[in-house]
>>> print(open('work.csv').read())   # CSV, C-alpha atoms and all ligand atoms
chain,number,residue,atom,x,y,z
O,177,MET,CA,-15.7,39.0,11.5
O,178,ILE,CA,-12.3,40.4,10.8
O,179,LYS,CA,-9.6,37.9,10.0
O,180,LYS,CA,-6.2,39.5,10.3
O,181,PHE,CA,-3.4,39.3,7.7
O,182,LEU,CA,-0.2,40.9,8.7
O,183,MET,CA,1.4,42.1,5.5
O,184,THR,CA,4.2,44.4,6.9
O,185,PRO,CA,7.9,43.9,6.4
O,186,GLY,CA,8.3,43.1,10.1
O,187,PRO,CA,6.9,41.8,12.3
O,188,THR,CA,5.7,39.2,9.9
O,189,GLN,CA,3.3,36.2,10.1
O,190,ILE,CA,4.4,33.3,12.4
O,191,PRO,CA,3.9,29.7,11.2
O,192,PRO,CA,1.7,27.7,13.6
O,193,GLN,CA,4.6,25.2,14.0
O,194,VAL,CA,6.6,28.0,15.4
O,195,SER,CA,3.9,29.3,17.8
O,196,LEU,CA,3.3,25.7,19.0
O,197,ALA,CA,7.1,25.2,19.6
O,198,MET,CA,7.2,28.5,21.6
O,199,ALA,CA,4.3,27.4,23.8
O,200,ARG,CA,6.3,24.4,25.1
O,201,PRO,CA,7.3,24.5,28.8
O,202,ILE,CA,10.5,26.6,29.1
O,203,ILE,CA,13.8,24.9,29.7
O,204,HIS,CA,16.9,26.3,31.5
O,205,HIS,CA,19.6,27.8,29.4
O,206,ARG,CA,22.5,26.4,31.3
O,207,THR,CA,21.8,22.8,30.4
O,208,ALA,CA,22.9,20.2,27.9
O,209,GLU,CA,19.4,20.3,26.4
O,210,TYR,CA,19.6,24.0,25.7
O,211,SER,CA,23.2,23.8,24.3
O,212,GLU,CA,22.2,21.1,21.9
O,213,LEU,CA,19.3,23.2,20.7
O,214,PHE,CA,21.5,26.3,20.5
O,215,ASP,CA,24.1,24.4,18.6
O,216,ARG,CA,21.6,23.2,16.0
O,217,VAL,CA,20.1,26.7,15.6
O,218,ASN,CA,23.6,28.1,15.0
O,219,ASP,CA,24.3,25.5,12.4
O,220,ASN,CA,21.1,26.2,10.6
O,221,LEU,CA,21.6,30.0,10.8
O,222,LYS,CA,25.0,29.4,9.1
O,223,TYR,CA,23.2,27.6,6.4
O,224,VAL,CA,20.8,30.5,5.7
O,225,TYR,CA,23.7,33.0,6.1
O,226,GLN,CA,25.8,30.8,3.7
O,227,THR,CA,28.8,31.2,6.0
O,228,GLY,CA,31.3,29.3,8.0
O,229,ASN,CA,31.9,32.4,10.2
O,230,ASP,CA,30.8,32.6,13.9
O,231,ILE,CA,27.2,33.8,14.4
O,232,ILE,CA,26.5,35.7,17.6
O,233,SER,CA,23.0,36.2,18.8
O,234,PHE,CA,21.6,38.9,21.1
O,235,ALA,CA,18.3,39.3,22.9
O,236,SER,CA,17.5,42.6,21.2
O,237,SER,CA,15.8,44.0,18.2
O,238,GLY,CA,17.9,44.3,15.0
O,239,THR,CA,19.2,47.7,15.9
O,240,GLY,CA,21.0,46.2,19.0
O,241,ALA,CA,23.0,44.0,16.7
O,242,MET,CA,23.7,47.0,14.4
O,243,GLU,CA,25.0,48.9,17.4
O,244,SER,CA,27.1,45.8,18.4
O,245,ALA,CA,28.8,46.0,15.0
O,246,VAL,CA,29.7,49.7,15.5
O,247,VAL,CA,31.0,49.3,19.1
O,248,ASN,CA,33.0,46.1,18.4
O,249,LEU,CA,34.7,47.2,15.2
O,250,CYS,CA,35.5,50.8,16.0
O,251,SER,CA,37.6,52.9,18.3
O,252,PRO,CA,36.9,56.6,19.2
O,253,GLY,CA,37.6,58.9,16.3
O,254,ASP,CA,37.8,56.1,13.7
O,255,GLU,CA,36.9,57.0,10.1
O,256,VAL,CA,34.0,55.0,8.6
O,257,LEU,CA,31.9,55.1,5.4
O,258,VAL,CA,28.2,54.9,5.5
O,259,ALA,CA,26.3,54.4,2.2
O,260,ALA,CA,22.6,55.0,2.7
O,261,CYS,CA,19.6,54.9,0.4
O,262,GLY,CA,16.8,55.0,2.9
O,263,LYS,CA,15.7,55.2,6.5
O,264,PHE,CA,17.7,52.2,7.7
O,265,GLY,CA,20.9,53.2,6.0
O,266,GLU,CA,20.6,56.5,7.8
O,267,ARG,CA,20.5,54.5,11.1
O,268,TRP,CA,24.2,53.5,10.5
O,269,HIS,CA,25.0,57.2,10.3
O,270,ASP,CA,23.1,57.9,13.5
O,271,LEU,CA,25.0,55.1,15.3
O,272,ALA,CA,28.3,56.3,14.0
O,273,GLN,CA,27.5,59.8,15.2
O,274,ALA,CA,26.3,58.6,18.6
O,275,TYR,CA,29.8,57.0,19.1
O,276,GLY,CA,31.8,60.0,17.9
O,277,LEU,CA,33.1,58.3,14.7
O,278,ILE,CA,34.1,60.4,11.7
O,279,ALA,CA,31.6,59.2,9.1
O,280,GLU,CA,31.9,59.8,5.4
O,281,PHE,CA,28.2,59.8,4.5
O,282,HIS,CA,27.1,58.8,1.0
O,283,GLU,CA,23.4,59.6,0.8
O,284,TYR,CA,21.3,58.4,-2.1
O,285,GLU,CA,17.8,59.4,-2.9
O,286,TYR,CA,15.1,57.2,-1.5
O,287,GLY,CA,14.4,54.7,-4.2
O,288,GLU,CA,17.9,54.6,-5.6
O,289,ALA,CA,20.5,51.9,-4.9
O,290,VAL,CA,24.0,52.4,-3.5
O,291,SER,CA,26.8,52.5,-6.1
O,292,PRO,CA,29.5,49.9,-5.5
O,293,ASP,CA,31.9,52.1,-7.7
O,294,ASP,CA,31.4,55.0,-5.3
O,295,ILE,CA,32.4,52.8,-2.4
O,296,ALA,CA,35.5,51.5,-4.3
O,297,ARG,CA,36.5,55.1,-5.1
O,298,ALA,CA,36.0,56.4,-1.6
O,299,LEU,CA,38.1,53.5,-0.2
O,300,ALA,CA,40.9,54.2,-2.7
O,301,ASP,CA,40.8,57.9,-1.8
O,302,ASN,CA,40.8,57.3,2.0
O,303,PRO,CA,42.7,54.3,3.2
O,304,LYS,CA,42.0,55.3,6.8
O,305,ILE,CA,38.4,54.1,6.5
O,306,LYS,CA,38.0,51.2,8.9
O,307,ALA,CA,34.5,50.0,8.1
O,308,VAL,CA,31.9,50.4,5.5
O,309,PHE,CA,28.3,50.2,6.6
O,310,VAL,CA,25.5,49.5,4.2
O,311,THR,CA,21.9,48.1,4.1
O,312,HIS,CA,21.3,45.0,2.0
O,313,SER,CA,17.5,45.1,1.7
O,314,GLU,CA,16.4,48.8,2.4
O,315,THR,CA,13.0,48.1,3.9
O,316,SER,CA,11.9,51.7,3.7
O,317,THR,CA,12.0,51.7,-0.1
O,318,GLY,CA,12.1,48.1,-1.3
O,319,VAL,CA,15.5,48.6,-2.9
O,320,VAL,CA,18.0,45.7,-2.5
O,321,ASN,CA,21.6,46.7,-2.9
O,322,ASP,CA,24.1,44.7,-4.9
O,323,MET,CA,26.0,43.2,-2.0
O,324,LYS,CA,28.1,41.0,-4.3
O,325,ALA,CA,29.5,44.0,-6.1
O,326,ILE,CA,29.9,46.0,-2.8
O,327,GLY,CA,31.7,43.0,-1.3
O,328,ALA,CA,34.1,42.9,-4.2
O,329,ALA,CA,34.6,46.7,-3.9
O,330,VAL,CA,35.5,46.4,-0.2
O,331,ALA,CA,37.5,43.2,-0.2
O,332,ASP,CA,40.6,44.7,-1.7
O,333,SER,CA,40.8,47.3,1.0
O,334,GLU,CA,41.7,47.2,4.7
O,335,ALA,CA,38.2,48.1,5.6
O,336,VAL,CA,35.6,45.6,6.8
O,337,LEU,CA,32.2,45.5,5.2
O,338,VAL,CA,29.1,45.4,7.4
O,339,SER,CA,25.7,44.6,5.9
O,340,ASP,CA,22.3,45.2,7.6
O,341,SER,CA,20.4,42.3,6.2
O,342,ILE,CA,17.7,42.5,8.8
O,343,SER,CA,14.9,42.3,6.2
O,344,GLY,CA,16.9,40.5,3.6
O,345,MET,CA,18.1,37.5,5.5
O,346,GLY,CA,16.1,34.5,4.2
O,347,SER,CA,14.2,36.4,1.5
O,348,ALA,CA,16.8,38.2,-0.7
O,349,GLU,CA,19.8,36.1,-1.1
O,350,ILE,CA,23.1,37.1,0.6
O,351,ARG,CA,26.2,34.9,0.4
O,352,THR,CA,28.1,36.0,3.4
O,353,ASP,CA,31.4,34.1,2.5
O,354,GLY,CA,31.0,34.0,-1.3
O,355,TRP,CA,30.4,37.7,-1.5
O,356,MET,CA,33.1,38.5,1.1
O,357,ILE,CA,30.9,40.3,3.7
O,358,ASP,CA,32.6,40.5,7.0
O,359,VAL,CA,29.6,41.3,9.2
O,360,VAL,CA,26.0,40.5,8.4
O,361,VAL,CA,23.3,41.6,10.8
O,362,ALA,CA,19.9,39.9,10.8
O,363,GLY,CA,16.8,40.1,12.9
O,364,SER,CA,14.2,37.5,14.0
O,365,GLN,CA,11.0,39.2,13.0
O,366,LYS,CA,11.2,39.2,9.2
O,367,ALA,CA,12.0,36.3,6.9
O,368,LEU,CA,13.2,34.2,9.8
O,369,MET,CA,9.5,33.9,10.8
O,370,ILE,CA,9.6,34.3,14.6
O,371,PRO,CA,8.5,37.2,16.7
O,372,PRO,CA,10.7,40.3,17.4
O,373,GLY,CA,13.4,40.0,20.1
O,374,LEU,CA,16.4,38.1,18.6
O,375,ALA,CA,19.2,39.6,16.5
O,376,PHE,CA,22.3,38.1,14.9
O,377,VAL,CA,25.7,39.1,13.6
O,378,SER,CA,28.1,36.9,11.6
O,379,VAL,CA,31.8,37.9,12.2
O,380,SER,CA,34.6,37.1,9.7
O,381,GLY,CA,38.3,36.7,10.6
O,382,LYS,CA,39.0,40.2,9.4
O,383,ALA,CA,36.3,41.6,11.6
O,384,TRP,CA,37.5,39.5,14.7
O,385,ALA,CA,40.9,41.1,14.3
O,386,LEU,CA,39.3,44.5,14.6
O,387,ALA,CA,37.1,43.5,17.5
O,388,GLU,CA,40.1,42.3,19.4
O,389,GLU,CA,41.7,45.8,19.2
O,390,SER,CA,38.8,48.2,19.2
O,391,LYS,CA,38.2,50.5,22.0
O,392,LEU,CA,34.7,51.8,22.0
O,393,PRO,CA,32.9,51.0,25.3
O,394,ARG,CA,30.6,48.0,25.4
O,395,PHE,CA,29.4,45.5,27.9
O,396,TYR,CA,26.2,43.6,26.9
O,397,PHE,CA,27.0,43.8,23.2
O,398,ASP,CA,30.7,42.6,23.6
O,399,TRP,CA,31.4,40.1,20.8
O,400,LEU,CA,34.4,38.7,22.6
O,401,LYS,CA,32.3,37.6,25.6
O,402,ALA,CA,29.8,36.1,23.2
O,403,ARG,CA,32.6,34.2,21.4
O,404,LYS,CA,33.9,32.8,24.6
O,405,ALA,CA,30.4,31.5,25.6
O,406,LEU,CA,29.9,30.1,22.1
O,407,GLY,CA,33.2,28.2,22.3
O,408,GLN,CA,32.5,26.3,25.5
O,409,ALA,CA,31.9,22.6,25.6
O,410,GLN,CA,28.3,23.4,26.1
O,411,PRO,CA,27.8,26.4,23.8
O,412,THR,CA,25.6,29.2,25.2
O,413,THR,CA,25.3,33.0,25.5
O,414,PRO,CA,26.9,35.1,28.3
O,415,PHE,CA,23.5,36.4,29.4
O,416,THR,CA,20.1,34.8,29.7
O,417,PRO,CA,18.8,34.2,26.1
O,418,PRO,CA,15.2,34.5,25.1
O,419,VAL,CA,14.8,30.7,25.4
O,420,SER,CA,11.3,30.5,23.9
O,421,LEU,CA,12.3,32.6,20.9
O,422,VAL,CA,15.3,30.3,20.3
O,423,VAL,CA,13.0,27.3,20.5
O,424,GLY,CA,10.7,29.0,17.9
O,425,LEU,CA,13.8,29.8,15.7
O,426,ASP,CA,14.7,26.1,15.8
O,427,ALA,CA,11.3,25.2,14.3
O,428,ALA,CA,11.5,28.1,11.8
O,429,LEU,CA,14.9,27.1,10.6
O,430,SER,CA,14.0,23.5,10.2
O,431,MET,CA,11.2,24.7,7.9
O,432,ILE,CA,13.7,26.7,5.9
O,433,ARG,CA,16.1,23.7,5.7
O,434,GLU,CA,13.2,21.6,4.5
O,435,GLU,CA,12.3,24.1,1.8
O,436,GLY,CA,15.9,24.6,0.7
O,437,LEU,CA,17.6,27.9,0.0
O,438,ASP,CA,16.9,27.8,-3.8
O,439,ASN,CA,13.2,27.3,-3.3
O,440,LEU,CA,13.1,29.8,-0.5
O,441,PHE,CA,14.6,32.6,-2.6
O,442,GLU,CA,12.5,31.6,-5.7
O,443,ARG,CA,9.3,31.7,-3.6
O,444,HIS,CA,10.1,35.2,-2.5
O,445,ARG,CA,11.0,36.3,-6.1
O,446,VAL,CA,7.6,34.9,-7.2
O,447,LEU,CA,5.8,36.7,-4.4
O,448,GLY,CA,7.4,40.0,-5.5
O,449,ARG,CA,6.6,39.3,-9.2
O,450,ALA,CA,3.0,38.6,-8.4
O,451,THR,CA,2.6,41.7,-6.2
O,452,ARG,CA,4.2,44.0,-8.8
O,453,ALA,CA,2.1,42.6,-11.6
O,454,ALA,CA,-1.1,43.1,-9.4
O,455,ILE,CA,-0.1,46.7,-8.5
O,456,GLN,CA,0.6,47.7,-12.1
O,457,SER,CA,-2.5,46.0,-13.4
O,458,MET,CA,-4.6,48.0,-10.9
O,459,GLY,CA,-3.2,51.2,-12.5
O,460,LEU,CA,-0.9,52.0,-9.5
O,461,GLU,CA,2.7,52.9,-9.7
O,462,LEU,CA,5.5,51.0,-8.1
O,463,PHE,CA,8.1,52.8,-6.0
O,464,SER,CA,10.3,49.8,-5.5
O,465,PRO,CA,12.2,48.6,-8.5
O,466,ASP,CA,10.3,46.6,-11.0
O,467,ASP,CA,12.7,43.7,-10.9
O,468,ASP,CA,13.3,40.5,-9.0
O,469,SER,CA,15.6,42.1,-6.5
O,470,SER,CA,12.7,43.4,-4.5
O,471,SER,CA,11.6,40.1,-3.1
O,472,SER,CA,11.1,41.1,0.5
O,473,VAL,CA,8.8,44.2,0.3
O,474,THR,CA,7.0,46.0,-2.5
O,475,ALA,CA,6.7,49.7,-2.2
O,476,VAL,CA,3.8,51.5,-4.0
O,477,LYS,CA,3.2,55.2,-4.7
O,478,VAL,CA,0.0,56.4,-3.0
O,479,PRO,CA,-2.3,57.4,-5.9
O,480,GLU,CA,-3.2,61.0,-6.4
O,481,GLY,CA,-6.3,62.0,-4.5
O,482,ILE,CA,-5.9,59.2,-1.9
O,483,GLU,CA,-4.9,59.8,1.7
O,484,ASP,CA,-2.4,57.1,2.7
O,485,GLY,CA,-3.6,56.8,6.3
O,486,GLN,CA,-7.2,56.5,5.3
O,487,LEU,CA,-6.4,53.8,2.7
O,488,ARG,CA,-4.3,51.7,5.1
O,489,ARG,CA,-6.9,52.1,7.9
O,490,LEU,CA,-9.6,50.8,5.6
O,491,THR,CA,-7.6,47.8,4.5
O,492,ARG,CA,-6.8,47.0,8.1
O,493,ASP,CA,-10.1,47.8,9.9
O,494,LYS,CA,-12.5,46.6,7.3
O,495,TYR,CA,-10.6,43.9,5.4
O,496,GLY,CA,-8.0,42.8,8.1
O,497,VAL,CA,-5.0,43.5,6.0
O,498,GLN,CA,-2.3,45.5,7.7
O,499,LEU,CA,0.0,47.3,5.3
O,500,ALA,CA,3.0,49.5,6.2
O,501,GLY,CA,3.3,53.2,5.5
O,502,GLY,CA,6.3,55.2,4.2
O,503,GLN,CA,9.1,56.5,6.3
O,504,GLY,CA,11.2,59.7,6.3
O,505,PRO,CA,10.7,61.8,3.2
O,506,VAL,CA,8.3,59.3,1.6
O,507,LYS,CA,5.9,59.2,4.6
O,508,GLY,CA,2.4,59.6,3.2
O,509,LYS,CA,3.7,59.2,-0.4
O,510,ILE,CA,4.2,55.4,-0.5
O,511,PHE,CA,2.8,52.3,1.3
O,512,ARG,CA,4.5,49.0,1.5
O,513,ILE,CA,3.4,45.4,1.2
O,514,GLY,CA,5.7,43.0,3.1
O,515,HIS,CA,6.1,39.5,1.8
O,516,CYS,CA,9.2,38.2,3.6
O,517,GLY,CA,8.9,35.1,5.6
O,518,TYR,CA,5.8,32.9,6.0
O,519,TYR,CA,3.9,34.0,2.9
O,520,ASN,CA,2.5,32.3,-0.2
O,521,TYR,CA,0.1,33.0,-3.0
O,522,SER,CA,-2.9,33.2,-0.6
O,523,ASP,CA,-1.6,36.2,1.3
O,524,ILE,CA,-0.8,38.2,-1.8
O,525,ILE,CA,-4.3,37.5,-3.2
O,526,VAL,CA,-5.9,38.6,0.0
O,527,ALA,CA,-3.7,41.7,0.2
O,528,VAL,CA,-4.5,42.7,-3.4
O,529,THR,CA,-8.2,42.1,-2.9
O,530,ALA,CA,-8.3,44.3,0.2
O,531,LEU,CA,-6.4,47.0,-1.7
O,532,GLU,CA,-8.8,46.9,-4.7
O,533,LEU,CA,-11.9,47.0,-2.4
O,534,ALA,CA,-10.5,49.8,-0.3
O,535,LEU,CA,-9.5,51.9,-3.3
O,536,ASN,CA,-12.8,51.3,-4.9
O,537,GLU,CA,-14.6,52.4,-1.7
O,538,LEU,CA,-12.5,55.6,-1.6
O,539,GLY,CA,-13.6,56.4,-5.1
O,540,HIS,CA,-10.3,55.7,-6.9
O,541,PRO,CA,-10.9,54.2,-10.3
O,542,VAL,CA,-9.9,50.6,-10.1
O,543,GLN,CA,-11.2,47.6,-12.0
O,544,LEU,CA,-12.2,45.1,-9.3
O,545,GLY,CA,-10.3,41.9,-9.9
O,546,SER,CA,-7.7,43.4,-12.2
O,547,GLY,CA,-4.9,43.0,-9.6
O,548,VAL,CA,-6.0,39.6,-8.4
O,549,SER,CA,-6.1,38.4,-12.0
O,550,ALA,CA,-2.6,39.7,-12.7
O,551,ALA,CA,-1.3,38.0,-9.6
O,552,GLU,CA,-3.0,34.8,-10.5
O,553,GLN,CA,-1.4,34.9,-13.9
O,554,VAL,CA,2.0,34.8,-12.2
O,555,PHE,CA,1.0,32.1,-9.7
O,556,GLY,CA,-0.5,30.1,-12.5
O,557,LYS,CA,3.0,29.8,-14.0
O,558,GLU,CA,4.9,29.6,-10.7
O,559,ALA,CA,2.8,28.4,-7.8
O,560,VAL,CA,4.2,29.1,-4.4
O,601,LIG,C1,16.7,47.0,7.0
O,601,LIG,C2,16.4,47.2,8.5
O,601,LIG,N1,17.3,47.6,9.3
O,601,LIG,C3,17.1,47.9,10.6
O,601,LIG,C4,15.8,47.7,11.1
O,601,LIG,C5,15.6,47.9,12.5
O,601,LIG,O1,15.3,46.7,13.2
O,601,LIG,P1,14.7,46.7,14.6
O,601,LIG,O2,13.4,47.5,14.5
O,601,LIG,O3,14.5,45.2,14.8
O,601,LIG,O4,15.6,47.3,15.6
O,601,LIG,C6,14.8,47.2,10.3
O,601,LIG,C7,13.4,47.0,10.8
O,601,LIG,O5,12.4,47.2,10.1
O,601,LIG,C8,15.1,47.0,8.9
O,601,LIG,O6,14.1,46.5,8.1
>>> encode(input="work.csv", output="C-alpha cells", more="lines below")
Ligand SMILES: Cc1ncc(COP(=O)(O)O)c(C=O)c1O
Amino acid sequence: MIKKFLMTPGPTQIPPQVSLAMARPIIHHRTAEYSELFDRVNDNLKYVYQTGNDIISFASSGTGAMESAVVNLCSPGDEVLVAACGKFGERWHDLAQAYGLIAEFHEYEYGEAVSPDDIARALADNPKIKAVFVTHSETSTGVVNDMKAIGAAVADSEAVLVSDSISGMGSAEIRTDGWMIDVVVAGSQKALMIPPGLAFVSVSGKAWALAEESKLPRFYFDWLKARKALGQAQPTTPFTPPVSLVVGLDAALSMIREEGLDNLFERHRVLGRATRAAIQSMGLELFSPDDDSSSSVTAVKVPEGIEDGQLRRLTRDKYGVQLAGGQGPVKGKIFRIGHCGYYNYSDIIVAVTALELALNELGHPVQLGSGVSAAEQVFGKEAV
C-alpha cells in the first residue's frame, strides 16, 4: 500500500478540516451569508498579512495576481525595476516585457539573495522608476529575501514596492505595513493550506494612487472594480468567486488564528531547522541557505552519481513521498522539500526516511537513520 505525502512547495497538504468545509453544500455568492463569510476571510487575511490595507482576491493562480499588479500599477512605457534571484523573480521580468514596460533587470545567481543596497542605488540613479518587483520567498531556490531592508530602501522613493509572497505568506514572516510593502501577492496553495485557485493582493494608499491613474489595459484583473465590490454594504467580488475555496480558506485561516502568528512562524522555522539538520547528517549538501530564513522550502543538491528524476520517482512511487525538482538552470541539480503549510514533525520524518531509503537503494552511501536521528534531535528540543 502506498500512502501519499505531498512534500512540494505548492500545492501543499490540505487539513481535513478544510476538505470537510469545502465539501459543504455550496452557497450563492450574492447573499448576506456569503458576504459575512467573505468579510471574515478578509479580516483574517489582513491578520496574516499584518496589514490594514485592502486585500483583493481573484479566482486565479498566483501568477494572475502578479499580472494584476503589473497592469494596475503601470502605464505603457513605464520604467520599472525587477530584482530576481530565481525562476519566480524572472516571472516579474516576463510580465513587464509582455506589457511593453522598460524593465531595469537586476539578475542574481540562483541561490543568492537580492541586495537591498542595489535597489536603493538604482532608485537614486533613476527617479523615473515607478515600481520595484521582487520575490519574497524564492521557491525555486529556498532563498528568502530581506523584505524589511528592501521595504526601507524603496520607501524613501516615489516607487511602489511589490512583493511576490506566494510561497512566503504564512510561513516566512512578512509585515506588510511595518516593512512598508505596497503590494503583497499571495496564493492559496502554499502556507494558506487550501487547494490552488485563489490569489490575493494587498494594496497600499501609494499603490491605489498609481492604480487610479495607470493606463495598461485590464478587465478581469481591474483592482478598482474589485475595490468597489469590496466596499459595498454586502462585500463581494465583481465576478463569481470560487465559493468552495473561500469556504475552505475560512477554515484554514481560523486554524492559523488559533495557532497565532508567532507560533506559526516558529513552527516553520523548526521544520526548516530539522530538515536542514537531517540533510547534512545524511552527508548531502544544502542549496538553500543554512539559516532560519528558509522556512518554506529546503533545496538540496543532488548528490554526485545520482540522477534526480530517478531519485524523486523512487521516493514517490515506492515510498509515497512527492518531492519537487529544480527549475531553470538548477533543473536536475537540486531537489526541493516543501514544508510550508499543514506540516509538522511527522511529515519531515517520513520525507527524510523516504530519502534515506531511496538513496540507499540507488547505491549512494548513506547511514540509514542518520537524517531521521538529526531531525529528531531538533524536534526533541522544539516539538512542532
Ligand atoms: C514564489 C512564487 N511565485 C509565483 C508562483 C506562481 O504561482 P502560480 O503557479 O500559482 O501561478 C509560485 C508557485 O510556485 C511561487 O512559489
>>> residues_around(input="work.csv", residues="Ala289 in chain O", least_positions_apart="6", cutoff="7 Å", atoms="only C-alpha atoms", output="PyMOL selection string")
chain O and resi 261+319+321
>>> closest_residue(input="work.csv", among="O:Asn229, O:Ser339, O:Ser211, O:Asn218", to="ligand LIG 601 (chain O)", atoms="only C-alpha atoms and all ligand atoms")
O:Ser339
>>> residues_near_ligand(input="work.csv", ligand="ligand LIG 601 (chain O)", cutoff="7 Å", atoms="only C-alpha atoms and all ligand atoms", output="PyMOL selection string")
chain O and resi 185-186+237-240+264+311+313-315+340-343+363+372
>>> residues_around(input="work.csv", residues="Cys516 in chain O", least_positions_apart="6", cutoff="8 Å", atoms="only C-alpha atoms", output="ChimeraX atom specification")
/O:185,188,343,346-347,366-367,444,471-473
>>> write_last_selection(input="work.csv", atoms="C-alpha atoms", output="mmCIF file, in the frame of the given file")
data_model
loop_
_atom_site.group_PDB
_atom_site.id
_atom_site.type_symbol
_atom_site.label_atom_id
_atom_site.label_comp_id
_atom_site.auth_asym_id
_atom_site.auth_seq_id
_atom_site.Cartn_x
_atom_site.Cartn_y
_atom_site.Cartn_z
ATOM 1 C CA PRO O 185 7.900 43.900 6.400
ATOM 2 C CA THR O 188 5.700 39.200 9.900
ATOM 3 C CA SER O 343 14.900 42.300 6.200
ATOM 4 C CA GLY O 346 16.100 34.500 4.200
ATOM 5 C CA SER O 347 14.200 36.400 1.500
ATOM 6 C CA LYS O 366 11.200 39.200 9.200
ATOM 7 C CA ALA O 367 12.000 36.300 6.900
ATOM 8 C CA HIS O 444 10.100 35.200 -2.500
ATOM 9 C CA SER O 471 11.600 40.100 -3.100
ATOM 10 C CA SER O 472 11.100 41.100 0.500
ATOM 11 C CA VAL O 473 8.800 44.200 0.300
#
>>> closest_residue(input="work.csv", among="O:Ala259, O:Leu437, O:Met198, O:Val379", to="Glu288 in chain O", atoms="all atoms listed in the file")
O:Ala259
>>> residues_around(input="work.csv", residues="Glu212 in chain O", least_positions_apart="5", cutoff="9 Å", atoms="only C-alpha atoms", output="MDAnalysis selection string")
chainID O and resid 207 217 410:411
>>> closest_residue(input="work.csv", among="O:Ile510, O:Leu277, O:Val542, O:Ile190", to="Pro371 in chain O", atoms="all atoms listed in the file")
O:Ile190
>>> decode(input="work.csv", residues="range 424-473 of chain O", atoms="C-alpha atoms", output="mmCIF file, in the first residue's frame")
data_model
loop_
_atom_site.group_PDB
_atom_site.id
_atom_site.type_symbol
_atom_site.label_atom_id
_atom_site.label_comp_id
_atom_site.auth_asym_id
_atom_site.auth_seq_id
_atom_site.Cartn_x
_atom_site.Cartn_y
_atom_site.Cartn_z
ATOM 1 C CA GLY O 424 -12.002 26.271 2.761
ATOM 2 C CA LEU O 425 -9.916 29.383 3.308
ATOM 3 C CA ASP O 426 -12.198 30.422 6.137
ATOM 4 C CA ALA O 427 -11.468 27.108 7.874
ATOM 5 C CA ALA O 428 -7.723 27.353 7.170
ATOM 6 C CA LEU O 429 -7.469 30.925 8.426
ATOM 7 C CA SER O 430 -9.299 30.076 11.616
ATOM 8 C CA MET O 431 -6.677 27.344 12.217
ATOM 9 C CA ILE O 432 -3.948 29.954 11.654
ATOM 10 C CA ARG O 433 -5.654 32.391 14.042
ATOM 11 C CA GLU O 434 -5.870 29.674 16.651
ATOM 12 C CA GLU O 435 -2.172 28.827 16.265
ATOM 13 C CA GLY O 436 -1.179 32.507 16.345
ATOM 14 C CA LEU O 437 1.380 34.177 14.084
ATOM 15 C CA ASP O 438 4.345 33.737 16.442
ATOM 16 C CA ASN O 439 3.732 30.003 16.756
ATOM 17 C CA LEU O 440 3.027 29.711 13.041
ATOM 18 C CA PHE O 441 6.364 31.225 12.041
ATOM 19 C CA GLU O 442 8.265 29.374 14.757
ATOM 20 C CA ARG O 443 6.776 26.045 13.603
ATOM 21 C CA HIS O 444 8.014 26.728 10.080
ATOM 22 C CA ARG O 445 11.466 27.724 11.317
ATOM 23 C CA VAL O 446 11.707 24.468 13.301
ATOM 24 C CA LEU O 447 10.589 22.429 10.267
ATOM 25 C CA GLY O 448 13.343 24.080 8.239
ATOM 26 C CA ARG O 449 15.898 23.517 11.002
ATOM 27 C CA ALA O 450 15.044 19.825 11.318
ATOM 28 C CA THR O 451 15.110 19.307 7.551
ATOM 29 C CA ARG O 452 18.499 21.009 7.184
ATOM 30 C CA ALA O 453 19.931 19.025 10.094
ATOM 31 C CA ALA O 454 18.697 15.789 8.517
ATOM 32 C CA ILE O 455 20.063 16.618 5.075
ATOM 33 C CA GLN O 456 23.508 17.486 6.392
ATOM 34 C CA SER O 457 23.602 14.482 8.672
ATOM 35 C CA MET O 458 22.926 12.234 5.681
ATOM 36 C CA GLY O 459 26.005 13.702 4.021
ATOM 37 C CA LEU O 460 24.035 15.721 1.458
ATOM 38 C CA GLU O 461 24.697 19.362 0.656
ATOM 39 C CA LEU O 462 22.171 22.146 1.081
ATOM 40 C CA PHE O 463 21.452 24.502 -1.791
ATOM 41 C CA SER O 464 19.164 26.790 0.198
ATOM 42 C CA PRO O 465 20.832 28.874 2.907
ATOM 43 C CA ASP O 466 21.648 27.152 6.176
ATOM 44 C CA ASP O 467 19.713 29.614 8.273
ATOM 45 C CA ASP O 468 16.234 30.155 9.646
ATOM 46 C CA SER O 469 15.161 32.298 6.714
ATOM 47 C CA SER O 470 14.479 29.187 4.636
ATOM 48 C CA SER O 471 11.381 28.099 6.489
ATOM 49 C CA SER O 472 9.127 27.364 3.494
ATOM 50 C CA VAL O 473 11.248 25.072 1.357
#
